[in-house]
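Below is one structure, written out as structure tokens; the observations come after it.
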Amino acid sequence: PTRRSSDLTIRSQPDSARVRVWTVAGATHSEQYSLLSRAAFLMRDLNLPAVDTCETPARSRVEIRYVYNAAVDWLARWVTTGSEPPHAPPLEFDEAAPPEPARGRGAAGGEKPVRRDEFGNVRGGIRLPEMAVPVAKESAELCGLGGTHVPFDTATLTRLYPSHGDYVSKVTAASRALVKAGFLLPADAAQEIDAAKRSIYGLPLTCGLLCSDV
């Protein structure tokens, strides 16, 4: 199975001869692409706009659909040729910290907190370019099943990516590393790289409305 992020501090079951658990850092049950892909159906069938009402910026932008694609591709190969999927890195937990109370539906109580980087993003797991080359805090902590996407300020983005070419280069390297590791298909890596090329990161521009919720 492919598992969405788990800021909800639930450890993955161990892999076995017949099971692979892939936990995708920063992803959520219903991220931004998931919402936008069904926007027309929400309006047509339920007369509901595709918007969120959370107090925090809503919906992780981690493209978990790409990992689904890789997982299905591996599953087909596993069944037909016996080629085994790779083992994914687990989320990192702070073993020295006291246990946290249960949070969210299905969360188990008494678990140690996940470790986070300087931006508040969870450590470990499969790290798509949105996490390996971050431009925001991507989290499942708040806003129900959608999680949150809190863009970095301009100073942080400038420090991380002094030029557009630098940003694109880092996304390209992260995407190719995931292809090599088996967690991203080449066609999806190309989409990640193309999105980076079309982005404004590393340019002397302020994101503004381009980064707001829709």
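Labels used: A, B, ... for chains in the order of the structure tokens, numbers from 1 for residues in each chain, and numbers from 1 for ligands as shown.
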Q | Which of region 28-205 of chain A fall in strand (DSSP E), as a list in words | A |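 Matching residues, listed in order: Ala136, Lys137, Glu138, Ser139, Thr148, His149, Val150 and Pro151 of chain A.
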Residues of region 36-143 of chain A that have any atom at most 8 Å from an atom of region 181-204 of chain A: could you tabulate them with the shortest-distance atom pair and the distance in Å to one decimal, using only C-alpha atoms, ordered by chain and increasing number, as CSV?
```
residue,atom,partner,partner_atom,distance
A:Tyr66,CA,A:Asp188,CA,6.1
A:Val67,CA,A:Leu184,CA,6.0
A:Asn69,CA,A:Leu185,CA,7.3
A:Ala70,CA,A:Leu184,CA,5.4
A:Ala71,CA,A:Phe183,CA,7.3
A:Pro85,CA,A:Gly182,CA,7.5
A:Pro86,CA,A:Gly182,CA,6.6
A:Ile126,CA,A:Phe183,CA,7.6
A:Pro129,CA,A:Glu192,CA,7.4
```
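The spacing separating CA of Thr156 (chain A) from CA of Lys137 (chain A) amounts to 11.9 Å.
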